[in-house]
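Heads up, structure-v8.cif below (mmCIF, N, CA and C atoms):
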```cif
data_structure
#
loop_
_atom_site.label_atom_id
_atom_site.label_comp_id
_atom_site.auth_asym_id
_atom_site.auth_seq_id
_atom_site.Cartn_x
_atom_site.Cartn_y
_atom_site.Cartn_z
N MET S 123 -46.82 -38.81 46.34
CA MET S 123 -45.44 -38.49 46.67
C MET S 123 -44.48 -38.99 45.59
N LYS S 124 -44.80 -40.18 45.01
CA LYS S 124 -43.94 -40.71 43.97
C LYS S 124 -43.93 -39.82 42.74
N SER S 125 -45.08 -39.23 42.41
CA SER S 125 -45.13 -38.38 41.23
C SER S 125 -44.32 -37.10 41.43
N VAL S 126 -44.30 -36.57 42.65
CA VAL S 126 -43.49 -35.38 42.94
C VAL S 126 -42.01 -35.72 42.79
N THR S 127 -41.61 -36.85 43.30
CA THR S 127 -40.21 -37.28 43.18
C THR S 127 -39.85 -37.52 41.72
N ARG S 128 -40.74 -38.16 40.98
CA ARG S 128 -40.50 -38.44 39.56
C ARG S 128 -40.38 -37.14 38.77
N ILE S 129 -41.24 -36.17 39.05
CA ILE S 129 -41.18 -34.88 38.36
C ILE S 129 -39.89 -34.15 38.71
N PHE S 130 -39.50 -34.20 39.98
CA PHE S 130 -38.26 -33.56 40.41
C PHE S 130 -37.06 -34.19 39.71
N LEU S 131 -37.01 -35.52 39.68
CA LEU S 131 -35.89 -36.21 39.03
C LEU S 131 -35.85 -35.93 37.53
N ARG S 132 -37.00 -35.85 36.89
CA ARG S 132 -37.05 -35.53 35.47
C ARG S 132 -36.47 -34.13 35.23
N GLY S 133 -36.81 -33.18 36.07
CA GLY S 133 -36.25 -31.84 35.96
C GLY S 133 -34.75 -31.82 36.22
N LEU S 134 -34.32 -32.59 37.23
CA LEU S 134 -32.90 -32.67 37.55
C LEU S 134 -32.10 -33.27 36.41
N PHE S 135 -32.61 -34.37 35.83
CA PHE S 135 -31.91 -35.01 34.73
C PHE S 135 -31.95 -34.18 33.46
N THR S 136 -32.89 -33.27 33.37
CA THR S 136 -32.93 -32.36 32.23
C THR S 136 -31.90 -31.25 32.37
N ILE S 137 -31.78 -30.68 33.56
CA ILE S 137 -30.91 -29.53 33.77
C ILE S 137 -29.46 -29.93 34.02
N LEU S 138 -29.22 -31.14 34.51
CA LEU S 138 -27.87 -31.56 34.88
C LEU S 138 -26.89 -31.55 33.71
N PRO S 139 -27.18 -32.16 32.56
CA PRO S 139 -26.21 -32.10 31.46
C PRO S 139 -25.94 -30.69 30.96
N ILE S 140 -26.99 -29.88 30.93
CA ILE S 140 -26.82 -28.50 30.45
C ILE S 140 -25.94 -27.71 31.42
N SER S 141 -26.23 -27.82 32.72
CA SER S 141 -25.46 -27.06 33.70
C SER S 141 -24.02 -27.55 33.78
N LEU S 142 -23.80 -28.85 33.67
CA LEU S 142 -22.43 -29.36 33.68
C LEU S 142 -21.66 -28.88 32.45
N CYS S 143 -22.31 -28.83 31.31
CA CYS S 143 -21.66 -28.35 30.09
C CYS S 143 -21.30 -26.87 30.23
N VAL S 144 -22.21 -26.07 30.75
CA VAL S 144 -21.94 -24.64 30.94
C VAL S 144 -20.81 -24.46 31.95
N TYR S 145 -20.81 -25.26 33.03
CA TYR S 145 -19.75 -25.16 34.04
C TYR S 145 -18.39 -25.52 33.45
N VAL S 146 -18.35 -26.60 32.67
CA VAL S 146 -17.07 -27.01 32.08
C VAL S 146 -16.57 -25.96 31.10
N LEU S 147 -17.46 -25.39 30.29
CA LEU S 147 -17.05 -24.33 29.37
C LEU S 147 -16.57 -23.09 30.12
N TYR S 148 -17.27 -22.71 31.17
CA TYR S 148 -16.85 -21.57 31.97
C TYR S 148 -15.48 -21.83 32.59
N PHE S 149 -15.28 -23.01 33.15
CA PHE S 149 -13.99 -23.36 33.75
C PHE S 149 -12.89 -23.34 32.70
N PHE S 150 -13.18 -23.87 31.50
CA PHE S 150 -12.19 -23.87 30.42
C PHE S 150 -11.81 -22.46 30.00
N PHE S 151 -12.80 -21.59 29.84
CA PHE S 151 -12.51 -20.22 29.41
C PHE S 151 -11.73 -19.45 30.48
N MET S 152 -12.09 -19.63 31.74
CA MET S 152 -11.34 -18.95 32.80
C MET S 152 -9.91 -19.48 32.89
N TRP S 153 -9.76 -20.79 32.74
CA TRP S 153 -8.42 -21.39 32.75
C TRP S 153 -7.60 -20.88 31.57
N ALA S 154 -8.21 -20.82 30.39
CA ALA S 154 -7.50 -20.37 29.20
C ALA S 154 -7.08 -18.91 29.34
N GLU S 155 -7.94 -18.08 29.91
CA GLU S 155 -7.59 -16.66 30.11
C GLU S 155 -6.41 -16.51 31.08
N SER S 156 -6.47 -17.22 32.20
CA SER S 156 -5.38 -17.08 33.17
C SER S 156 -4.08 -17.67 32.64
N MET S 157 -4.16 -18.77 31.91
CA MET S 157 -2.96 -19.38 31.35
C MET S 157 -2.34 -18.49 30.27
N SER S 158 -3.18 -17.91 29.42
CA SER S 158 -2.63 -17.07 28.35
C SER S 158 -1.96 -15.83 28.92
N TYR S 159 -2.56 -15.24 29.94
CA TYR S 159 -1.92 -14.07 30.56
C TYR S 159 -0.61 -14.48 31.21
N GLY S 160 -0.59 -15.63 31.86
CA GLY S 160 0.64 -16.12 32.48
C GLY S 160 1.72 -16.41 31.46
N ILE S 161 1.33 -17.00 30.32
CA ILE S 161 2.30 -17.29 29.26
C ILE S 161 2.85 -16.00 28.67
N LEU S 162 1.96 -15.04 28.41
CA LEU S 162 2.42 -13.76 27.86
C LEU S 162 3.32 -13.03 28.85
N GLU S 163 3.00 -13.12 30.13
CA GLU S 163 3.83 -12.49 31.15
C GLU S 163 5.18 -13.20 31.26
N TRP S 164 5.19 -14.51 31.08
CA TRP S 164 6.45 -15.27 31.13
C TRP S 164 7.32 -14.95 29.92
N ILE S 165 6.71 -14.77 28.75
CA ILE S 165 7.48 -14.48 27.54
C ILE S 165 8.01 -13.05 27.55
N PHE S 166 7.15 -12.09 27.85
CA PHE S 166 7.52 -10.68 27.75
C PHE S 166 7.97 -10.06 29.07
N GLY S 167 7.89 -10.77 30.16
CA GLY S 167 8.18 -10.18 31.47
C GLY S 167 6.95 -9.46 31.95
N GLU S 168 6.82 -8.22 31.57
CA GLU S 168 5.59 -7.47 31.84
C GLU S 168 4.90 -7.29 30.50
N VAL S 169 3.61 -7.57 30.45
CA VAL S 169 2.89 -7.54 29.17
C VAL S 169 2.92 -6.12 28.63
N PRO S 170 3.59 -5.92 27.45
CA PRO S 170 3.78 -4.56 26.94
C PRO S 170 2.56 -3.97 26.25
N PHE S 171 1.52 -4.71 26.10
CA PHE S 171 0.33 -4.20 25.43
C PHE S 171 -0.87 -4.48 26.31
N SER S 172 -1.96 -3.83 25.98
CA SER S 172 -3.15 -4.05 26.80
C SER S 172 -3.75 -5.41 26.47
N TYR S 173 -4.02 -6.16 27.50
CA TYR S 173 -4.55 -7.50 27.36
C TYR S 173 -6.05 -7.43 27.09
N VAL S 174 -6.49 -8.09 26.06
CA VAL S 174 -7.89 -8.07 25.68
C VAL S 174 -8.53 -9.41 26.08
N LYS S 175 -9.69 -9.34 26.72
CA LYS S 175 -10.40 -10.57 27.08
C LYS S 175 -10.71 -11.35 25.81
N GLY S 176 -10.51 -12.62 25.86
CA GLY S 176 -10.72 -13.48 24.70
C GLY S 176 -9.42 -13.96 24.08
N MET S 177 -8.32 -13.33 24.45
CA MET S 177 -7.04 -13.79 23.94
C MET S 177 -6.72 -15.18 24.46
N GLY S 178 -7.20 -15.50 25.63
CA GLY S 178 -6.98 -16.83 26.20
C GLY S 178 -7.70 -17.90 25.42
N VAL S 179 -8.90 -17.60 24.98
CA VAL S 179 -9.66 -18.57 24.19
C VAL S 179 -8.97 -18.79 22.84
N ALA S 180 -8.52 -17.69 22.23
CA ALA S 180 -7.80 -17.81 20.96
C ALA S 180 -6.52 -18.61 21.13
N LEU S 181 -5.79 -18.36 22.21
CA LEU S 181 -4.56 -19.11 22.48
C LEU S 181 -4.86 -20.58 22.76
N ALA S 182 -5.93 -20.86 23.48
CA ALA S 182 -6.31 -22.25 23.77
C ALA S 182 -6.68 -22.98 22.48
N LEU S 183 -7.43 -22.33 21.60
CA LEU S 183 -7.79 -22.95 20.33
C LEU S 183 -6.54 -23.20 19.47
N LEU S 184 -5.60 -22.26 19.50
CA LEU S 184 -4.35 -22.43 18.76
C LEU S 184 -3.55 -23.60 19.33
N LEU S 185 -3.49 -23.72 20.65
CA LEU S 185 -2.75 -24.82 21.27
C LEU S 185 -3.40 -26.17 20.98
N ILE S 186 -4.73 -26.22 20.96
CA ILE S 186 -5.43 -27.46 20.63
C ILE S 186 -5.15 -27.84 19.18
N PHE S 187 -5.12 -26.85 18.28
CA PHE S 187 -4.81 -27.12 16.89
C PHE S 187 -3.38 -27.63 16.74
N LEU S 188 -2.44 -27.01 17.45
CA LEU S 188 -1.04 -27.46 17.40
C LEU S 188 -0.89 -28.87 17.96
N LEU S 189 -1.63 -29.19 19.01
CA LEU S 189 -1.61 -30.54 19.56
C LEU S 189 -2.13 -31.55 18.54
N GLY S 190 -3.16 -31.17 17.81
CA GLY S 190 -3.69 -32.04 16.75
C GLY S 190 -2.66 -32.27 15.66
N LEU S 191 -1.90 -31.22 15.32
CA LEU S 191 -0.83 -31.39 14.34
C LEU S 191 0.26 -32.32 14.85
N LEU S 192 0.64 -32.15 16.11
CA LEU S 192 1.67 -33.00 16.69
C LEU S 192 1.23 -34.47 16.75
N MET S 193 -0.04 -34.69 17.07
CA MET S 193 -0.53 -36.06 17.20
C MET S 193 -0.69 -36.76 15.85
N SER S 194 -0.46 -36.04 14.76
CA SER S 194 -0.50 -36.66 13.44
C SER S 194 0.73 -37.51 13.18
N SER S 195 1.81 -37.26 13.90
CA SER S 195 3.04 -38.03 13.69
C SER S 195 3.05 -39.29 14.55
N LYS S 196 3.65 -40.33 14.03
CA LYS S 196 3.71 -41.61 14.74
C LYS S 196 4.55 -41.52 16.01
N ILE S 197 5.59 -40.70 16.00
CA ILE S 197 6.46 -40.55 17.18
C ILE S 197 5.68 -39.96 18.34
N MET S 198 4.90 -38.93 18.08
CA MET S 198 4.11 -38.31 19.15
C MET S 198 3.02 -39.25 19.64
N GLN S 199 2.47 -40.08 18.76
CA GLN S 199 1.48 -41.05 19.20
C GLN S 199 2.10 -42.08 20.14
N LEU S 200 3.32 -42.50 19.85
CA LEU S 200 4.02 -43.43 20.73
C LEU S 200 4.34 -42.78 22.08
N ILE S 201 4.75 -41.52 22.05
CA ILE S 201 5.04 -40.80 23.30
C ILE S 201 3.76 -40.65 24.12
N PHE S 202 2.65 -40.33 23.46
CA PHE S 202 1.39 -40.18 24.16
C PHE S 202 0.92 -41.49 24.76
N GLN S 203 1.08 -42.59 24.02
CA GLN S 203 0.70 -43.89 24.55
C GLN S 203 1.55 -44.26 25.76
N THR S 204 2.83 -43.88 25.74
CA THR S 204 3.70 -44.13 26.89
C THR S 204 3.26 -43.29 28.09
N LEU S 205 2.86 -42.05 27.84
CA LEU S 205 2.43 -41.18 28.94
C LEU S 205 1.07 -41.60 29.51
N GLU S 206 0.21 -42.18 28.68
CA GLU S 206 -1.11 -42.58 29.18
C GLU S 206 -1.10 -43.96 29.81
N LEU S 207 -0.01 -44.68 29.70
CA LEU S 207 0.09 -46.02 30.28
C LEU S 207 -0.12 -46.03 31.80
N PRO S 208 0.49 -45.11 32.58
CA PRO S 208 0.22 -45.12 34.03
C PRO S 208 -1.24 -44.83 34.37
N ILE S 209 -1.90 -43.99 33.58
CA ILE S 209 -3.31 -43.68 33.84
C ILE S 209 -4.16 -44.92 33.63
N ARG S 210 -3.80 -45.73 32.65
CA ARG S 210 -4.57 -46.95 32.36
C ARG S 210 -4.33 -48.06 33.38
N ASN S 211 -3.37 -47.88 34.29
CA ASN S 211 -3.08 -48.91 35.28
C ASN S 211 -3.61 -48.59 36.67
N VAL S 212 -4.06 -47.37 36.93
CA VAL S 212 -4.63 -47.00 38.22
C VAL S 212 -6.12 -47.33 38.18
N PRO S 213 -6.63 -48.14 39.10
CA PRO S 213 -7.99 -48.67 39.00
C PRO S 213 -9.10 -47.65 38.77
N ILE S 214 -9.22 -46.62 39.58
CA ILE S 214 -10.33 -45.67 39.43
C ILE S 214 -10.11 -44.78 38.21
N LEU S 215 -8.89 -44.31 38.02
CA LEU S 215 -8.59 -43.48 36.84
C LEU S 215 -8.80 -44.26 35.56
N LYS S 216 -8.49 -45.55 35.59
CA LYS S 216 -8.65 -46.39 34.41
C LYS S 216 -10.10 -46.42 33.95
N SER S 217 -11.02 -46.54 34.90
CA SER S 217 -12.45 -46.59 34.54
C SER S 217 -12.92 -45.28 33.93
N ILE S 218 -12.56 -44.18 34.56
CA ILE S 218 -12.99 -42.87 34.08
C ILE S 218 -12.35 -42.55 32.74
N TYR S 219 -11.03 -42.75 32.66
CA TYR S 219 -10.29 -42.42 31.44
C TYR S 219 -10.75 -43.29 30.27
N SER S 220 -10.97 -44.57 30.52
CA SER S 220 -11.39 -45.47 29.44
C SER S 220 -12.77 -45.08 28.91
N ALA S 221 -13.67 -44.69 29.80
CA ALA S 221 -15.01 -44.29 29.36
C ALA S 221 -14.95 -43.03 28.49
N ILE S 222 -14.17 -42.05 28.92
CA ILE S 222 -14.05 -40.81 28.14
C ILE S 222 -13.34 -41.09 26.82
N LYS S 223 -12.29 -41.90 26.87
CA LYS S 223 -11.53 -42.25 25.67
C LYS S 223 -12.40 -42.99 24.67
N ASP S 224 -13.22 -43.94 25.14
CA ASP S 224 -14.11 -44.67 24.25
C ASP S 224 -15.13 -43.73 23.60
N LEU S 225 -15.65 -42.79 24.38
CA LEU S 225 -16.62 -41.84 23.84
C LEU S 225 -16.00 -40.96 22.77
N THR S 226 -14.79 -40.45 23.02
CA THR S 226 -14.14 -39.60 22.02
C THR S 226 -13.71 -40.41 20.81
N ASP S 227 -13.30 -41.66 21.01
CA ASP S 227 -12.94 -42.51 19.87
C ASP S 227 -14.15 -42.83 19.01
N TYR S 228 -15.32 -42.95 19.63
CA TYR S 228 -16.53 -43.23 18.87
C TYR S 228 -16.86 -42.08 17.92
N PHE S 229 -16.68 -40.84 18.38
CA PHE S 229 -16.99 -39.69 17.55
C PHE S 229 -15.82 -39.26 16.67
N SER S 230 -14.69 -39.91 16.82
CA SER S 230 -13.52 -39.58 16.01
C SER S 230 -13.76 -40.00 14.57
N SER S 231 -13.23 -39.24 13.64
CA SER S 231 -13.44 -39.53 12.23
C SER S 231 -12.66 -40.76 11.78
N LYS S 232 -11.59 -41.11 12.49
CA LYS S 232 -10.79 -42.25 12.06
C LYS S 232 -11.41 -43.59 12.42
N SER S 233 -12.35 -43.58 13.35
CA SER S 233 -12.96 -44.85 13.77
C SER S 233 -14.39 -44.93 13.26
N LYS S 234 -14.54 -45.10 11.97
CA LYS S 234 -15.87 -45.23 11.38
C LYS S 234 -16.23 -46.71 11.29
N LYS S 235 -16.56 -47.26 12.44
CA LYS S 235 -16.96 -48.66 12.48
C LYS S 235 -18.42 -48.77 12.08
N LYS S 236 -18.75 -49.91 11.53
CA LYS S 236 -20.13 -50.14 11.15
C LYS S 236 -20.94 -50.42 12.41
N THR S 237 -21.94 -49.60 12.66
CA THR S 237 -22.74 -49.77 13.88
C THR S 237 -24.15 -50.25 13.58
N ASN S 238 -24.52 -50.31 12.30
CA ASN S 238 -25.89 -50.74 11.99
C ASN S 238 -25.87 -52.16 11.45
N VAL S 239 -25.57 -53.09 12.36
CA VAL S 239 -25.49 -54.51 12.01
C VAL S 239 -26.67 -55.22 12.67
N VAL S 240 -27.31 -56.07 11.90
CA VAL S 240 -28.45 -56.82 12.41
C VAL S 240 -27.91 -58.03 13.18
N VAL S 241 -28.49 -58.27 14.35
CA VAL S 241 -28.07 -59.37 15.20
C VAL S 241 -29.28 -60.26 15.47
N SER S 242 -29.08 -61.54 15.37
CA SER S 242 -30.14 -62.51 15.65
C SER S 242 -29.77 -63.27 16.93
N ILE S 243 -30.69 -63.28 17.88
CA ILE S 243 -30.46 -63.96 19.15
C ILE S 243 -31.53 -65.01 19.33
N LYS S 244 -31.10 -66.25 19.61
CA LYS S 244 -32.04 -67.33 19.87
C LYS S 244 -32.22 -67.46 21.38
N ILE S 245 -33.46 -67.35 21.82
CA ILE S 245 -33.76 -67.49 23.24
C ILE S 245 -34.01 -68.96 23.52
N PRO S 246 -33.29 -69.53 24.49
CA PRO S 246 -33.47 -70.97 24.77
C PRO S 246 -34.81 -71.29 25.40
#
```
As structure tokens - that is how I would like this structure written.
Amino acid sequence: MKSVTRIFLRGLFTILPISLCVYVLYFFFMWAESMSYGILEWIFGEVPFSYVKGMGVALALLLIFLLGLLMSSKIMQLIFQTLELPIRNVPILKSIYSAIKDLTDYFSSKSKKKTNVVVSIKIP
């Protein structure tokens, strides 16, 4: 019985990251499509041209790029730090947000910390 449970858990832990990644990407693309259509409808009133699937993804990528440009300035970094301050003070959100933030900071190009350091530990 233990081997059946172990095999099941191994399969679950294999498929879980892949399925969560696909779900998050699907949710992002659907959100980007609906937001882009809403933005175009807000700007033009009624969309004067035929809407092509994929415009939402292009608009989302453009907005992410523009956000990256904005975050290059010190003023926007200060504004962002002020906006993230309440998130860092709520107990459950603080744990989740800090974990995600640490992960993204680790892969960020600006934080190239030395990670291959030899450590010596003396066991008493």
d(atom C of Trp164 in chain S, atom N of Met193 in chain S) in Å: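 Value for the atom C of Trp164 in chain S-atom N of Met193 in chain S distance: 24.7 Å.
One distance worth recording is that between atom C of Met152 in chain S and CA of Leu181 in chain S, which is 11.7 Å.
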Taking only range 178-245 of chain S into account, list the residues labelled helix (DSSP H, G or I) by DSSP (computed from the backbone), as a ChimeraX atom specification. /S:178-192,196-206,209-211,213-229
I need the residues from that last selection saved to file as a CSV table (one decimal), keeping the file's coordinate frame (with N, CA and C atoms), if you can.
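Okay, part-v1.csv is ready:
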```
chain,number,residue,atom,x,y,z
S,178,GLY,N,-7.2,-15.5,25.6
S,178,GLY,CA,-7.0,-16.8,26.2
S,178,GLY,C,-7.7,-17.9,25.4
S,179,VAL,N,-8.9,-17.6,25.0
S,179,VAL,CA,-9.7,-18.6,24.2
S,179,VAL,C,-9.0,-18.8,22.8
S,180,ALA,N,-8.5,-17.7,22.2
S,180,ALA,CA,-7.8,-17.8,21.0
S,180,ALA,C,-6.5,-18.6,21.1
S,181,LEU,N,-5.8,-18.4,22.2
S,181,LEU,CA,-4.6,-19.1,22.5
S,181,LEU,C,-4.9,-20.6,22.8
S,182,ALA,N,-5.9,-20.9,23.5
S,182,ALA,CA,-6.3,-22.2,23.8
S,182,ALA,C,-6.7,-23.0,22.5
S,183,LEU,N,-7.4,-22.3,21.6
S,183,LEU,CA,-7.8,-23.0,20.3
S,183,LEU,C,-6.5,-23.2,19.5
S,184,LEU,N,-5.6,-22.3,19.5
S,184,LEU,CA,-4.4,-22.4,18.8
S,184,LEU,C,-3.6,-23.6,19.3
S,185,LEU,N,-3.5,-23.7,20.6
S,185,LEU,CA,-2.8,-24.8,21.3
S,185,LEU,C,-3.4,-26.2,21.0
S,186,ILE,N,-4.7,-26.2,21.0
S,186,ILE,CA,-5.4,-27.5,20.6
S,186,ILE,C,-5.2,-27.8,19.2
S,187,PHE,N,-5.1,-26.8,18.3
S,187,PHE,CA,-4.8,-27.1,16.9
S,187,PHE,C,-3.4,-27.6,16.7
S,188,LEU,N,-2.4,-27.0,17.4
S,188,LEU,CA,-1.0,-27.5,17.4
S,188,LEU,C,-0.9,-28.9,18.0
S,189,LEU,N,-1.6,-29.2,19.0
S,189,LEU,CA,-1.6,-30.5,19.6
S,189,LEU,C,-2.1,-31.6,18.5
S,190,GLY,N,-3.2,-31.2,17.8
S,190,GLY,CA,-3.7,-32.0,16.8
S,190,GLY,C,-2.7,-32.3,15.7
S,191,LEU,N,-1.9,-31.2,15.3
S,191,LEU,CA,-0.8,-31.4,14.3
S,191,LEU,C,0.3,-32.3,14.8
S,192,LEU,N,0.6,-32.2,16.1
S,192,LEU,CA,1.7,-33.0,16.7
S,192,LEU,C,1.2,-34.5,16.8
S,196,LYS,N,3.6,-40.3,14.0
S,196,LYS,CA,3.7,-41.6,14.7
S,196,LYS,C,4.6,-41.5,16.0
S,197,ILE,N,5.6,-40.7,16.0
S,197,ILE,CA,6.5,-40.6,17.2
S,197,ILE,C,5.7,-40.0,18.3
S,198,MET,N,4.9,-38.9,18.1
S,198,MET,CA,4.1,-38.3,19.2
S,198,MET,C,3.0,-39.2,19.6
S,199,GLN,N,2.5,-40.1,18.8
S,199,GLN,CA,1.5,-41.0,19.2
S,199,GLN,C,2.1,-42.1,20.1
S,200,LEU,N,3.3,-42.5,19.8
S,200,LEU,CA,4.0,-43.4,20.7
S,200,LEU,C,4.3,-42.8,22.1
S,201,ILE,N,4.8,-41.5,22.0
S,201,ILE,CA,5.0,-40.8,23.3
S,201,ILE,C,3.8,-40.6,24.1
S,202,PHE,N,2.6,-40.3,23.5
S,202,PHE,CA,1.4,-40.2,24.2
S,202,PHE,C,0.9,-41.5,24.8
S,203,GLN,N,1.1,-42.6,24.0
S,203,GLN,CA,0.7,-43.9,24.6
S,203,GLN,C,1.6,-44.3,25.8
S,204,THR,N,2.8,-43.9,25.7
S,204,THR,CA,3.7,-44.1,26.9
S,204,THR,C,3.3,-43.3,28.1
S,205,LEU,N,2.9,-42.0,27.8
S,205,LEU,CA,2.4,-41.2,28.9
S,205,LEU,C,1.1,-41.6,29.5
S,206,GLU,N,0.2,-42.2,28.7
S,206,GLU,CA,-1.1,-42.6,29.2
S,206,GLU,C,-1.1,-44.0,29.8
S,209,ILE,N,-1.9,-44.0,33.6
S,209,ILE,CA,-3.3,-43.7,33.8
S,209,ILE,C,-4.2,-44.9,33.6
S,210,ARG,N,-3.8,-45.7,32.6
S,210,ARG,CA,-4.6,-47.0,32.4
S,210,ARG,C,-4.3,-48.1,33.4
S,211,ASN,N,-3.4,-47.9,34.3
S,211,ASN,CA,-3.1,-48.9,35.3
S,211,ASN,C,-3.6,-48.6,36.7
S,213,PRO,N,-6.6,-48.1,39.1
S,213,PRO,CA,-8.0,-48.7,39.0
S,213,PRO,C,-9.1,-47.6,38.8
S,214,ILE,N,-9.2,-46.6,39.6
S,214,ILE,CA,-10.3,-45.7,39.4
S,214,ILE,C,-10.1,-44.8,38.2
S,215,LEU,N,-8.9,-44.3,38.0
S,215,LEU,CA,-8.6,-43.5,36.8
S,215,LEU,C,-8.8,-44.3,35.6
S,216,LYS,N,-8.5,-45.6,35.6
S,216,LYS,CA,-8.6,-46.4,34.4
S,216,LYS,C,-10.1,-46.4,34.0
S,217,SER,N,-11.0,-46.5,34.9
S,217,SER,CA,-12.4,-46.6,34.5
S,217,SER,C,-12.9,-45.3,33.9
S,218,ILE,N,-12.6,-44.2,34.6
S,218,ILE,CA,-13.0,-42.9,34.1
S,218,ILE,C,-12.4,-42.6,32.7
S,219,TYR,N,-11.0,-42.8,32.7
S,219,TYR,CA,-10.3,-42.4,31.4
S,219,TYR,C,-10.8,-43.3,30.3
S,220,SER,N,-11.0,-44.6,30.5
S,220,SER,CA,-11.4,-45.5,29.4
S,220,SER,C,-12.8,-45.1,28.9
S,221,ALA,N,-13.7,-44.7,29.8
S,221,ALA,CA,-15.0,-44.3,29.4
S,221,ALA,C,-15.0,-43.0,28.5
S,222,ILE,N,-14.2,-42.0,28.9
S,222,ILE,CA,-14.0,-40.8,28.1
S,222,ILE,C,-13.3,-41.1,26.8
S,223,LYS,N,-12.3,-41.9,26.9
S,223,LYS,CA,-11.5,-42.2,25.7
S,223,LYS,C,-12.4,-43.0,24.7
S,224,ASP,N,-13.2,-43.9,25.1
S,224,ASP,CA,-14.1,-44.7,24.2
S,224,ASP,C,-15.1,-43.7,23.6
S,225,LEU,N,-15.6,-42.8,24.4
S,225,LEU,CA,-16.6,-41.8,23.8
S,225,LEU,C,-16.0,-41.0,22.8
S,226,THR,N,-14.8,-40.4,23.0
S,226,THR,CA,-14.1,-39.6,22.0
S,226,THR,C,-13.7,-40.4,20.8
S,227,ASP,N,-13.3,-41.7,21.0
S,227,ASP,CA,-12.9,-42.5,19.9
S,227,ASP,C,-14.2,-42.8,19.0
S,228,TYR,N,-15.3,-43.0,19.6
S,228,TYR,CA,-16.5,-43.2,18.9
S,228,TYR,C,-16.9,-42.1,17.9
S,229,PHE,N,-16.7,-40.8,18.4
S,229,PHE,CA,-17.0,-39.7,17.6
S,229,PHE,C,-15.8,-39.3,16.7
```
Separation of CA of Met177 in chain S from CA of Ser195 in chain S, in Å and rounded to one decimal: 28.2 Å
Using only C-alpha atoms, which of the listed residues (S:Ile218, S:Ile197, S:Ile161, S:Val179) sits closest to Tyr148 in chain S?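 Checking each of S:Ile218, S:Ile197, S:Ile161, S:Val179 against Tyr148 in chain S, counting only C-alpha atoms, the winner is S:Val179.
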Given only N, CA and C atoms as the basis, pick out the residue of S:Lys124, S:Gly178, S:Ile245, S:Gln203 nearest to Trp153 in chain S.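 Between S:Lys124, S:Gly178, S:Ile245, S:Gln203, the residue approaching Trp153 in chain S most closely is S:Gly178.
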Hey, can you pull every residue with an atom no more than 12 Å from (-6.7, -35.3, 16.9), using only C-alpha atoms, and send it as a count of residues only? 20
